[in-house]
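Student: Data file protein03.txt (compact mmCIF, C-alpha atoms) is appended below.
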# COMPACT_ATOMS: atom_id res chain seq x y z
CA MET E 1 0.00 0.00 0.00
CA GLU E 2 1.36 3.41 -0.91
CA LEU E 3 0.06 6.96 -0.64
CA VAL E 4 1.14 8.93 -3.68
CA ALA E 5 0.61 12.65 -4.06
CA ASP E 6 1.57 14.37 -7.24
CA ARG E 7 2.00 18.12 -7.89
CA LEU E 8 -0.63 19.17 -5.40
CA ARG E 9 -1.74 22.77 -5.64
CA CYS E 10 -4.28 24.39 -3.40
CA VAL E 11 -5.94 27.77 -3.67
CA ARG E 12 -8.07 29.08 -0.83
CA GLY E 13 -9.82 32.41 -0.84
CA GLY E 14 -8.02 33.42 -4.04
CA ARG E 15 -4.58 32.87 -2.46
CA GLU E 16 -2.27 30.03 -3.47
CA VAL E 17 -1.53 28.14 -0.28
CA PHE E 18 0.91 25.64 -1.72
CA ALA E 19 1.88 24.32 -5.14
CA GLY E 20 3.96 21.56 -6.59
CA ILE E 21 3.82 19.34 -3.52
CA GLY E 22 4.54 15.69 -4.20
CA PHE E 23 5.42 12.75 -1.98
CA ARG E 24 5.20 8.98 -1.67
CA VAL E 25 4.53 7.33 1.65
CA ARG E 26 4.78 3.55 1.76
CA ALA E 27 3.11 1.21 4.21
CA GLY E 28 4.77 1.48 7.60
CA GLU E 29 6.14 4.94 6.86
CA ALA E 30 5.31 8.35 8.23
CA LEU E 31 5.52 11.79 6.68
CA VAL E 32 6.05 14.69 9.05
CA VAL E 33 4.86 18.01 7.64
CA THR E 34 6.42 21.09 9.20
CA GLY E 35 6.39 24.77 8.41
CA PRO E 36 5.48 28.12 9.90
CA ASN E 37 1.91 29.13 10.73
CA GLY E 38 -0.06 29.74 7.58
CA ALA E 39 2.24 27.65 5.41
CA GLY E 40 -0.61 25.34 4.44
CA LYS E 41 -0.09 22.32 6.69
CA SER E 42 -3.74 22.12 7.64
CA SER E 43 -4.83 22.79 4.08
CA LEU E 44 -2.63 19.94 2.85
CA LEU E 45 -4.12 17.51 5.36
CA ARG E 46 -7.67 18.66 4.67
CA ALA E 47 -7.00 18.31 0.95
CA LEU E 48 -5.74 14.74 1.45
CA ALA E 49 -8.90 14.02 3.45
CA GLY E 50 -11.02 15.39 0.62
CA LEU E 51 -12.31 18.29 2.70
CA VAL E 52 -10.66 20.94 0.56
CA ARG E 53 -10.67 20.89 -3.20
CA LEU E 54 -7.30 20.69 -4.92
CA ALA E 55 -6.75 23.14 -7.75
CA GLU E 56 -4.30 20.76 -9.40
CA GLY E 57 -2.75 17.37 -8.85
CA GLN E 58 -4.10 14.36 -7.07
CA ALA E 59 -3.50 12.07 -4.17
CA ALA E 60 -4.33 8.38 -4.21
CA LEU E 61 -3.82 5.29 -2.13
CA LEU E 62 -2.30 2.61 -4.35
CA GLY E 63 -2.68 -1.06 -3.61
CA ALA E 64 -5.80 -0.59 -1.51
CA ASP E 65 -9.47 -1.44 -2.00
CA PRO E 66 -10.32 0.24 -5.34
CA GLU E 67 -13.95 0.68 -4.28
CA LEU E 68 -12.99 3.12 -1.57
CA THR E 69 -11.63 6.63 -1.88
CA LEU E 70 -8.58 7.82 0.02
CA ALA E 71 -10.84 9.71 2.43
CA GLU E 72 -12.86 6.58 3.16
CA GLN E 73 -9.71 4.76 4.23
CA ALA E 74 -8.30 7.60 6.29
CA HIS E 75 -8.73 8.92 9.78
CA PHE E 76 -8.62 12.69 9.96
CA VAL E 77 -7.80 14.50 13.19
CA GLY E 78 -8.15 18.24 12.82
CA HIS E 79 -7.99 21.14 15.23
CA LEU E 80 -11.50 20.49 16.50
CA ASP E 81 -12.50 17.61 18.73
CA PRO E 82 -15.82 16.15 17.60
CA VAL E 83 -16.98 15.52 21.13
CA LYS E 84 -20.57 16.09 22.25
CA PRO E 85 -20.66 17.45 25.81
CA SER E 86 -24.03 15.90 26.70
CA LEU E 87 -22.96 12.37 25.78
CA THR E 88 -20.70 10.31 28.01
CA VAL E 89 -17.12 9.61 27.01
CA ALA E 90 -17.99 6.03 26.03
CA GLU E 91 -21.08 7.10 24.07
CA ASN E 92 -19.04 9.62 22.11
CA LEU E 93 -16.50 7.02 21.08
CA ALA E 94 -19.05 4.24 20.52
CA PHE E 95 -20.91 6.46 18.08
CA TRP E 96 -17.87 7.11 15.90
CA ALA E 97 -16.82 3.47 16.08
CA ARG E 98 -20.23 2.33 14.86
CA PHE E 99 -20.63 5.11 12.32
CA TYR E 100 -17.25 4.49 10.77
CA GLY E 101 -17.76 0.74 10.72
CA GLY E 102 -15.49 -1.21 8.43
CA VAL E 103 -12.52 -2.88 10.03
CA GLN E 104 -13.11 -3.18 13.73
CA GLY E 105 -10.23 -2.14 15.93
CA ARG E 106 -10.27 -2.57 19.67
CA ASP E 107 -13.54 -2.25 21.52
CA VAL E 108 -14.62 0.99 23.13
CA HIS E 109 -13.22 0.34 26.59
CA ASP E 110 -9.88 -0.95 25.34
CA SER E 111 -9.59 2.08 23.07
CA LEU E 112 -10.33 4.45 25.94
CA ALA E 113 -7.77 2.65 28.07
CA ALA E 114 -5.24 2.97 25.24
CA VAL E 115 -5.45 6.76 25.42
CA GLY E 116 -5.65 6.82 29.21
CA LEU E 117 -9.35 7.56 29.58
CA GLY E 118 -10.30 4.12 30.87
CA GLY E 119 -11.62 5.38 34.19
CA LEU E 120 -13.77 8.14 32.71
CA ALA E 121 -15.99 6.11 30.37
CA HIS E 122 -19.24 7.08 32.09
CA LEU E 123 -18.45 10.74 32.67
CA PRO E 124 -20.34 13.24 30.50
CA ALA E 125 -17.83 14.65 28.05
CA ALA E 126 -18.71 18.17 29.18
CA TYR E 127 -16.44 17.64 32.20
CA LEU E 128 -13.34 16.73 30.18
CA SER E 129 -10.35 19.05 29.98
CA ALA E 130 -8.98 20.13 26.61
CA GLY E 131 -6.28 17.46 26.73
CA GLN E 132 -8.78 14.76 27.69
CA ARG E 133 -11.11 15.81 24.86
CA ARG E 134 -8.21 15.50 22.46
CA ARG E 135 -7.42 12.03 23.82
CA LEU E 136 -11.05 11.02 23.32
CA SER E 137 -10.74 12.25 19.75
CA LEU E 138 -7.59 10.16 19.26
CA ALA E 139 -9.24 7.06 20.74
CA ARG E 140 -11.23 6.89 17.48
CA LEU E 141 -8.03 5.95 15.64
CA VAL E 142 -7.65 2.92 17.86
CA ALA E 143 -11.31 1.89 17.82
CA VAL E 144 -11.67 1.80 14.05
CA GLY E 145 -8.96 0.37 11.86
CA ARG E 146 -8.12 2.52 8.85
CA PRO E 147 -4.78 2.33 7.03
CA VAL E 148 -4.10 6.06 6.68
CA TRP E 149 -3.91 8.52 9.56
CA LEU E 150 -4.04 12.21 8.64
CA LEU E 151 -3.16 14.10 11.79
CA ASP E 152 -3.13 17.86 12.16
CA GLU E 153 -1.15 18.75 15.29
CA PRO E 154 -2.51 15.70 17.11
CA THR E 155 -0.56 16.35 20.29
CA ALA E 156 -1.84 19.89 20.89
CA ALA E 157 -3.04 20.14 24.52
CA LEU E 158 -1.57 16.74 25.45
CA ASP E 159 0.65 16.44 28.52
CA ALA E 160 4.01 14.69 28.39
CA ALA E 161 2.67 11.28 29.43
CA ALA E 162 -0.20 11.37 26.91
CA HIS E 163 2.24 12.58 24.28
CA ALA E 164 4.48 9.57 24.86
CA ARG E 165 1.49 7.22 24.90
CA PHE E 166 0.27 8.58 21.58
CA ALA E 167 3.75 8.27 20.06
CA GLY E 168 3.55 4.61 21.06
CA LEU E 169 0.17 4.25 19.32
CA MET E 170 1.59 5.83 16.16
CA ARG E 171 4.57 3.46 16.16
CA GLU E 172 2.19 0.53 16.69
CA HIS E 173 0.10 1.69 13.71
CA LEU E 174 3.21 1.96 11.52
CA GLY E 175 4.33 -1.45 12.73
CA ARG E 176 1.08 -2.93 11.46
CA GLY E 177 1.72 -1.45 8.02
CA GLY E 178 -0.25 1.75 8.42
CA LEU E 179 0.60 5.15 6.97
CA ILE E 180 0.74 8.44 8.82
CA VAL E 181 0.83 11.98 7.50
CA VAL E 182 1.20 14.35 10.42
CA ALA E 183 1.55 18.10 10.67
CA THR E 184 3.33 19.21 13.79
CA HIS E 185 5.42 21.88 15.47
CA VAL E 186 6.91 19.57 18.08
CA PRO E 187 9.06 16.44 17.69
CA LEU E 188 6.81 13.37 17.77
CA GLY E 189 9.37 10.66 18.31
CA LEU E 190 8.87 9.01 14.92
CA GLU E 191 12.31 7.75 13.88
CA GLY E 192 13.01 7.45 10.18
CA ALA E 193 10.02 9.49 9.15
CA GLN E 194 10.13 11.46 5.93
CA ALA E 195 10.03 15.21 6.33
CA LEU E 196 8.16 17.71 4.22
CA ARG E 197 8.74 21.37 4.91
CA LEU E 198 6.20 23.78 3.55
CA GLY E 199 7.38 27.23 2.54
CA GLU E 200 7.33 30.50 4.33
CA ALA E 201 4.03 32.31 4.66
CA PRO E 202 3.90 35.46 2.54
CA MET G 203 -21.88 -2.36 -7.47
CA ILE G 204 -21.43 -4.34 -4.31
CA SER G 205 -20.98 -2.22 -1.28
CA PRO G 206 -18.13 -3.50 0.90
CA ALA G 207 -19.98 -2.34 3.99
CA GLY G 208 -23.51 -3.61 3.32
CA PRO G 209 -24.76 -4.60 6.76
CA SER G 210 -22.65 -1.98 8.51
CA LEU G 211 -24.34 0.82 6.56
CA ALA G 212 -27.61 0.22 8.39
CA SER G 213 -25.77 -0.02 11.68
CA ALA G 214 -23.87 3.22 10.99
CA LEU G 215 -27.07 5.09 10.16
CA ALA G 216 -28.83 3.64 13.20
CA ALA G 217 -25.95 4.85 15.35
CA LEU G 218 -26.34 8.35 13.92
CA LEU G 219 -30.10 8.32 14.54
CA VAL G 220 -29.64 7.20 18.14
CA ARG G 221 -26.92 9.78 18.76
CA ASP G 222 -28.97 12.67 17.39
CA LEU G 223 -32.05 11.63 19.36
CA ARG G 224 -29.98 11.36 22.52
CA LEU G 225 -28.48 14.79 21.94
CA ALA G 226 -31.95 16.23 21.36
CA VAL G 227 -33.48 14.91 24.56
CA ARG G 228 -30.53 15.51 26.88
CA ILE G 229 -29.69 18.78 28.58
CA GLY G 230 -29.08 21.50 26.04
CA GLY G 231 -30.94 19.60 23.33
CA GLY G 232 -33.63 21.19 21.21
CA ALA G 233 -36.49 18.72 21.64
CA LEU G 234 -38.28 20.50 24.45
CA MET G 235 -37.59 24.00 23.18
CA GLY G 236 -39.71 23.58 20.05
CA VAL G 237 -42.71 22.25 21.94
CA LEU G 238 -42.49 25.01 24.55
CA PHE G 239 -42.33 27.64 21.84
CA PHE G 240 -45.31 26.07 20.09
CA LEU G 241 -47.17 26.01 23.38
CA ALA G 242 -46.35 29.67 24.03
CA VAL G 243 -47.46 30.86 20.60
CA VAL G 244 -50.72 28.94 20.56
CA THR G 245 -51.58 29.69 24.19
CA LEU G 246 -51.17 33.40 23.64
CA VAL G 247 -53.52 33.52 20.64
CA PRO G 248 -56.82 33.31 22.61
CA PHE G 249 -55.58 36.06 24.92
CA ALA G 250 -54.60 38.22 21.99
CA VAL G 251 -57.78 37.91 19.93
CA GLY G 252 -60.20 37.72 22.86
CA PRO G 253 -62.85 35.18 23.77
CA ASP G 254 -64.61 35.15 20.41
CA LEU G 255 -65.11 31.42 19.91
CA ALA G 256 -66.28 31.69 16.30
CA LEU G 257 -63.20 33.69 15.37
CA LEU G 258 -60.89 31.33 17.24
CA ARG G 259 -62.41 28.35 15.51
CA ARG G 260 -61.88 30.02 12.15
CA ILE G 261 -58.24 31.00 12.70
CA GLY G 262 -57.35 28.01 14.92
CA PRO G 263 -55.82 25.75 12.27
CA ALA G 264 -53.82 28.65 10.83
CA MET G 265 -52.48 29.44 14.31
CA LEU G 266 -51.51 25.82 14.93
CA TRP G 267 -49.73 25.68 11.61
CA LEU G 268 -47.95 28.99 12.16
CA GLY G 269 -46.82 27.85 15.59
CA ALA G 270 -45.56 24.55 14.19
CA LEU G 271 -43.72 26.27 11.34
CA LEU G 272 -42.00 28.76 13.61
CA ALA G 273 -41.10 26.10 16.18
CA ASN G 274 -39.57 24.05 13.36
CA LEU G 275 -37.60 27.02 12.12
CA LEU G 276 -36.30 27.72 15.61
CA ALA G 277 -34.84 24.22 15.88
CA LEU G 278 -33.34 24.20 12.37
CA ASP G 279 -30.54 26.50 13.37
CA ARG G 280 -28.85 23.72 15.36
CA LEU G 281 -29.52 20.90 12.87
CA LEU G 282 -26.08 21.11 11.25
CA ALA G 283 -24.47 24.07 13.00
CA SER G 284 -23.43 22.19 16.14
CA ASP G 285 -21.85 19.39 14.10
CA TYR G 286 -20.08 21.98 11.99
CA GLU G 287 -18.70 23.85 14.97
CA ASP G 288 -17.14 20.82 16.67
CA GLY G 289 -15.77 19.24 13.52
CA SER G 290 -18.22 16.32 13.46
CA LEU G 291 -19.40 17.35 10.02
CA ASP G 292 -15.87 16.88 8.62
CA LEU G 293 -15.91 13.34 9.95
CA LEU G 294 -19.36 12.66 8.51
CA LEU G 295 -17.91 13.62 5.12
CA LEU G 296 -15.05 11.13 5.57
CA ALA G 297 -17.19 8.22 6.65
CA ARG G 298 -18.33 5.49 4.32
CA PRO G 299 -22.10 6.03 4.51
CA PRO G 300 -23.02 8.49 1.73
CA LEU G 301 -23.44 12.04 3.00
CA GLU G 302 -26.95 12.19 1.52
CA LEU G 303 -28.08 9.28 3.68
CA ALA G 304 -26.37 10.67 6.77
CA LEU G 305 -28.13 14.00 6.27
CA ALA G 306 -31.47 12.28 5.68
CA VAL G 307 -31.00 10.42 8.95
CA LYS G 308 -30.08 13.63 10.76
CA ALA G 309 -33.21 15.32 9.43
CA ALA G 310 -35.31 12.30 10.39
CA ALA G 311 -33.92 12.44 13.92
CA GLN G 312 -34.60 16.17 14.02
CA TRP G 313 -38.21 15.58 12.97
CA LEU G 314 -38.68 12.81 15.54
CA ALA G 315 -37.30 15.08 18.25
CA THR G 316 -38.95 18.37 17.31
CA GLY G 317 -41.67 17.74 14.69
CA LEU G 318 -43.42 14.72 16.16
CA PRO G 319 -43.90 16.31 19.61
CA LEU G 320 -45.66 19.22 17.87
CA VAL G 321 -48.05 16.80 16.18
CA LEU G 322 -48.76 15.15 19.52
CA ALA G 323 -49.19 18.46 21.34
CA ALA G 324 -51.51 19.93 18.72
CA PRO G 325 -54.71 18.12 19.80
CA LEU G 326 -54.32 19.42 23.37
CA LEU G 327 -53.75 22.94 22.14
CA GLY G 328 -56.75 22.59 19.85
CA LEU G 329 -58.91 22.72 22.98
CA LEU G 330 -57.72 26.28 23.60
CA LEU G 331 -58.81 27.27 20.12
CA ASP G 332 -62.21 25.55 20.38
CA ILE G 333 -61.54 23.11 17.54
CA GLU G 334 -63.85 20.09 17.59
CA PRO G 335 -62.24 16.69 18.27
CA ALA G 336 -62.92 15.28 14.79
CA ALA G 337 -61.58 18.39 13.09
CA MET G 338 -58.64 18.40 15.46
CA GLY G 339 -57.78 14.89 14.29
CA ALA G 340 -57.69 16.21 10.75
CA VAL G 341 -55.46 19.13 11.72
CA ALA G 342 -53.07 16.78 13.52
CA LEU G 343 -53.05 14.60 10.41
CA THR G 344 -52.06 17.56 8.24
CA LEU G 345 -49.28 18.41 10.70
CA LEU G 346 -48.11 14.80 10.65
CA ALA G 347 -48.01 14.85 6.87
CA GLY G 348 -46.62 18.35 6.49
CA THR G 349 -44.01 18.93 9.19
CA PRO G 350 -41.49 16.47 7.68
CA ALA G 351 -41.50 18.69 4.60
CA LEU G 352 -40.57 21.68 6.78
CA THR G 353 -37.66 19.79 8.33
CA PHE G 354 -36.33 18.42 5.06
CA ILE G 355 -36.66 21.75 3.25
CA GLY G 356 -34.99 23.33 6.26
CA LEU G 357 -32.14 20.83 5.86
CA VAL G 358 -31.21 22.49 2.57
CA GLY G 359 -31.18 25.89 4.23
CA ALA G 360 -29.14 24.52 7.14
CA GLY G 361 -26.65 23.02 4.69
CA LEU G 362 -26.23 26.34 2.92
CA ALA G 363 -26.12 28.33 6.13
CA VAL G 364 -23.31 26.39 7.86
CA THR G 365 -20.95 26.95 4.99
CA LEU G 366 -21.44 30.72 5.22
CA ARG G 367 -20.29 32.79 8.13
CA ARG G 368 -23.23 34.23 10.04
CA GLY G 369 -25.43 31.71 8.30
CA GLY G 370 -27.82 31.65 11.24
CA LEU G 371 -29.32 34.94 10.18
CA LEU G 372 -29.69 33.77 6.63
CA LEU G 373 -31.44 30.53 7.45
CA PRO G 374 -35.00 31.82 8.02
CA ILE G 375 -34.80 34.00 4.92
CA LEU G 376 -33.70 31.05 2.81
CA VAL G 377 -36.20 28.62 4.22
CA LEU G 378 -39.35 30.70 4.62
CA PRO G 379 -40.20 31.12 0.91
CA LEU G 380 -39.81 27.39 0.38
CA ALA G 381 -41.98 26.66 3.42
CA VAL G 382 -44.84 28.87 2.21
CA PRO G 383 -46.43 26.23 -0.07
CA VAL G 384 -46.40 23.76 2.81
CA LEU G 385 -48.12 26.32 5.03
CA ILE G 386 -50.73 27.18 2.38
CA PHE G 387 -51.75 23.60 1.70
CA GLY G 388 -51.46 22.56 5.32
CA VAL G 389 -53.79 25.32 6.43
CA SER G 390 -56.22 24.89 3.55
CA ALA G 391 -56.52 21.16 4.24
CA SER G 392 -57.03 21.90 7.94
CA ASN G 393 -59.62 24.58 7.19
CA ALA G 394 -61.42 22.23 4.87
CA ALA G 395 -61.73 19.81 7.78
CA VAL G 396 -62.75 22.41 10.34
CA VAL G 397 -65.08 24.85 8.61
CA GLY G 398 -65.00 24.56 4.90
CA PRO G 399 -67.41 23.12 2.42
CA VAL G 400 -64.38 22.44 0.21
CA PRO G 401 -63.11 18.86 0.29
CA PHE G 402 -60.20 17.83 2.52
CA GLY G 403 -58.66 15.50 -0.05
CA PRO G 404 -56.98 17.63 -2.75
CA PRO G 405 -55.00 20.05 -0.53
CA PHE G 406 -54.01 17.13 1.71
CA MET G 407 -52.74 15.19 -1.29
CA ILE G 408 -50.69 18.18 -2.41
CA LEU G 409 -49.32 18.49 1.12
CA CYS G 410 -48.25 14.83 1.03
CA ALA G 411 -46.68 15.40 -2.37
CA LEU G 412 -44.70 18.36 -1.02
CA THR G 413 -43.42 16.19 1.79
CA LEU G 414 -42.40 13.39 -0.57
CA VAL G 415 -40.57 15.84 -2.83
CA GLY G 416 -38.85 17.33 0.22
CA LEU G 417 -37.76 13.89 1.46
CA VAL G 418 -36.09 13.16 -1.86
CA VAL G 419 -34.70 16.55 -2.83
CA GLY G 420 -33.71 17.83 0.63
CA PRO G 421 -30.82 15.45 1.46
CA PHE G 422 -29.34 15.66 -2.04
CA ALA G 423 -29.52 19.44 -2.19
CA ALA G 424 -28.10 19.79 1.33
CA ALA G 425 -25.25 17.36 0.57
CA ALA G 426 -24.44 19.26 -2.62
CA ALA G 427 -24.42 22.54 -0.68
CA LEU G 428 -22.09 21.09 1.97
CA ARG G 429 -19.69 19.53 -0.51
CA HIS G 430 -19.54 22.73 -2.49
CA GLY G 431 -19.10 24.91 0.55
CA MET G 432 -16.55 22.78 2.43
CA GLU G 433 -13.39 24.74 1.91
As structure tokens, please, write out the structure in this file.
Tutor:
Amino acid sequence: MELVADRLRCVRGGREVFAGIGFRVRAGEALVVTGPNGAGKSSLLRALAGLVRLAEGQAALLGADPELTLAEQAHFVGHLDPVKPSLTVAENLAFWARFYGGVQGRDVHDSLAAVGLGGLAHLPAAYLSAGQRRRLSLARLVAVGRPVWLLDEPTAALDAAAHARFAGLMREHLGRGGLIVVATHVPLGLEGAQALRLGEAP
Amino acid sequence: MISPAGPSLASALAALLVRDLRLAVRIGGGALMGVLFFLAVVTLVPFAVGPDLALLRRIGPAMLWLGALLANLLALDRLLASDYEDGSLDLLLLARPPLELALAVKAAAQWLATGLPLVLAAPLLGLLLDIEPAAMGAVALTLLAGTPALTFIGLVGAGLAVTLRRGGLLLPILVLPLAVPVLIFGVSASNAAVVGPVPFGPPFMILCALTLVGLVVGPFAAAAALRHGME
């Protein structure tokens, strides 16, 4: 399985955000996208997830189920945590696990334990801190198996222990032959990852 | 084409339905708000027009319909906006169930949570407006047949509104003109049942047709609006 992007160009609000971006990420590999604020890291990840239209170029997952689009085989973690305050932690995760369907990962309680929320399953999500909400958001990656992870600053708001735990989850995913494209400002502890630096903001 | 996720599609959509119903009935949800608003509007009418029973009977169905329409409109604002604000909508776009079906399920949940309670509350409120029980049954029937059209037409407006900043202000303006035919035929069918010599059948049939068109067109138009606007 291989994620291939070719001459990607993105225009948002009449401004060219990036152009001529190309990369190949093979199974078990990670691509770390860095760059200053406004360089287009989020736009690139949203474009890969099919949430932003590309002006030119295309991205495709080779060697995967041809019936499914790249977006349908990818997990996307953006800046927002899709967490409903009036549902409990377990209900929030169980919904996404059932709605995403497909390959079943670990069950809800194992997934919560994997991100360190095991003891909070029955708490309404309204009482979570920002870091805990983010961890709940990341638990989705464990609960539903999808080969590609598109992560936009996934460790924002995480403390050091949660950061290390998530790095472990990413390495586990790569070890199983998954692919990760991650935008970040901080080192994530992914050895041997490819790097892509997006240009300076105008 | 064979869908790789055949049985899980139904399970995914059921999960969405259950989630939206839960959100609607829990604290901060919109289910109760619509009914209370409906109750307030219809309860105030007899005080506003005075104790003229003949007049109340004549305008009763129109008042019930107006109340239902406005209560529906009030709840529409949150139909997609809350999912947009917390990023859930992005994830709905990435999931395997087609967006059209997901939106149809969301609208169905919205109707179950806000539209159906209005239909159930209407017969009680009919007492305040001196509508006879048999006629009240007919009015409730028109609400049952017509309010899904309001929700599904509103879905298109909600889809357009979330992709625009300040869309909340725009929503009523977008939706009201499209809701007018539903109001006209809903009220004329109700009036036919309450006072009129005109038959109940034809306007009721048109009302049902409007609902059927809304059920089909609404999710597709809303999905197109979202896909186009997602930037």
Student: Which residue, E:Val144, E:Leu87, E:Ala121, E:Ala49, has the smallest gap to Ala226 (chain G) when you use only C-alpha atoms?
Tutor: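 Smallest separation from Ala226 (chain G) among the options: E:Leu87.
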Student: Skipping near chain neighbours, those fewer than 5 positions away, what residues fall within 8 Å of region 106-115 of chain E using all atoms listed in the file, listed as a list in words?
Tutor: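 Skipping anything fewer than 5 positions along the chain leaves Ala90, Leu93, Ala94, Ala97, Ala121, Arg135, Leu136, Leu138, Ala139, Arg140, Val142, Ala143, Val144, Ala162, Arg165 and Phe166 of chain E.
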Student: Please determine the contact residues of chain E with respect to chain G at a cut-off of 8 Å, counting only C-alpha atoms, and supply them as a list in words.
Tutor: Arg12, Ala49, Gly50, Leu51, Val52, Arg53, Glu67, Ala71, Glu72, Ala74, His75, Phe76, Gly78, Leu80, Asp81, Pro82, Val83, Ser86, Leu87, Phe95, Arg98, Phe99, Tyr100, Gly101 and Gly102 of chain E
Student: Which of these residues is nearest to Ala411 (chain G), using only C-alpha atoms: G:Leu327, G:Leu320, G:Val364, G:Val384?
Tutor: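 Distance minimum relative to Ala411 (chain G) lands on G:Val384.
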Student: For a quick check of understanding, using only C-alpha atoms, which of E:His79, E:Arg46, E:Arg176, E:Arg134 has the smallest distance to His163 (chain E)?
Tutor: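 Closest to His163 (chain E), using only C-alpha atoms: E:Arg134.
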Student: Between CA of Ala424 (chain G) and CA of Gly356 (chain G), what is the distance, to one decimal in Å?
Tutor: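 These atoms are spaced 9.2 Å apart.
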Student: Expressed in Å to a single decimal, how great is the separation between CA of Val396 (chain G) and CA of Ala337 (chain G)?
Tutor: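 Separation between CA of Val396 (chain G) and CA of Ala337 (chain G): 5.0 Å.
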Student: Choose the residue, out of E:Gly63, E:Gly28, E:Gly131, E:Gly20, that has the smallest atom-to-atom separation from Leu44 (chain E); count all atoms listed in the file.
Tutor: E:Gly20
Student: Name the closest residue to Ala160 (chain E) among the candidates E:Leu120, E:Val4, E:Leu174, E:Leu188; distances are taken between atoms, counting only C-alpha atoms.
Tutor: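 Comparing E:Leu120, E:Val4, E:Leu174, E:Leu188 against Ala160 (chain E), the winner is E:Leu188.
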Student: Which neighbours of Tyr127 (chain E) fall inside 10 Å, counting all atoms listed in the file, when residues of the same chain fewer than 2 positions from it are skipped, and could you give them as a short mmCIF file (atom, residue, chain, number, x, y, z; two decimals) with C-alpha atoms, keeping the file's coordinate frame?
Tutor:
data_model
loop_
_atom_site.label_atom_id
_atom_site.label_comp_id
_atom_site.auth_asym_id
_atom_site.auth_seq_id
_atom_site.Cartn_x
_atom_site.Cartn_y
_atom_site.Cartn_z
CA PRO E 85 -20.66 17.45 25.81
CA SER E 86 -24.03 15.90 26.70
CA THR E 88 -20.70 10.31 28.01
CA VAL E 89 -17.12 9.61 27.01
CA LEU E 120 -13.77 8.14 32.71
CA LEU E 123 -18.45 10.74 32.67
CA PRO E 124 -20.34 13.24 30.50
CA ALA E 125 -17.83 14.65 28.05
CA SER E 129 -10.35 19.05 29.98
CA ALA E 130 -8.98 20.13 26.61
CA GLN E 132 -8.78 14.76 27.69
CA ARG E 133 -11.11 15.81 24.86
#
Student: Centre and edge lengths of an axis-aligned box around all listed atoms of region 236-251 of chain G, with 3 Å added on each side, are to be given in Å to one decimal, as lines of an AutoDock Vina configuration file.
Tutor:
center_x = -48.7
center_y = 30.2
center_z = 22.4
size_x = 24.1
size_y = 22.0
size_z = 11.0
Student: Env of Leu331 (chain G): 10 Å cut, atoms = only C-alpha atoms, seq-sep filter 3 positions within chain, self excluded. Answer as a list in words.
Tutor: Val244, Thr245, Val247, Pro248, Pro253, Asp254, Leu255, Ala256, Leu257, Leu258, Arg259, Arg260, Ile261, Gly262, Pro263, Met265, Leu266, Leu326, Leu327, Gly328 and Glu334 of chain G
Student: Between CA of Pro154 (chain E) and CA of Arg7 (chain E), what is the spacing in Å?
Tutor: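 Here the two named atoms are 25.5 Å from each other.
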Student: Residues near Leu62 (chain E), anyone? I mean within 7 Å using all atoms listed in the file, not counting same-chain ones fewer than 3 positions away, as a ChimeraX atom specification.
Tutor: /E:1-3
Student: Which residue, G:Gly252, G:Thr344, G:Gln312, G:Gly339, has the smallest gap to Leu385 (chain G) when you use all atoms listed in the file?
Tutor: G:Thr344
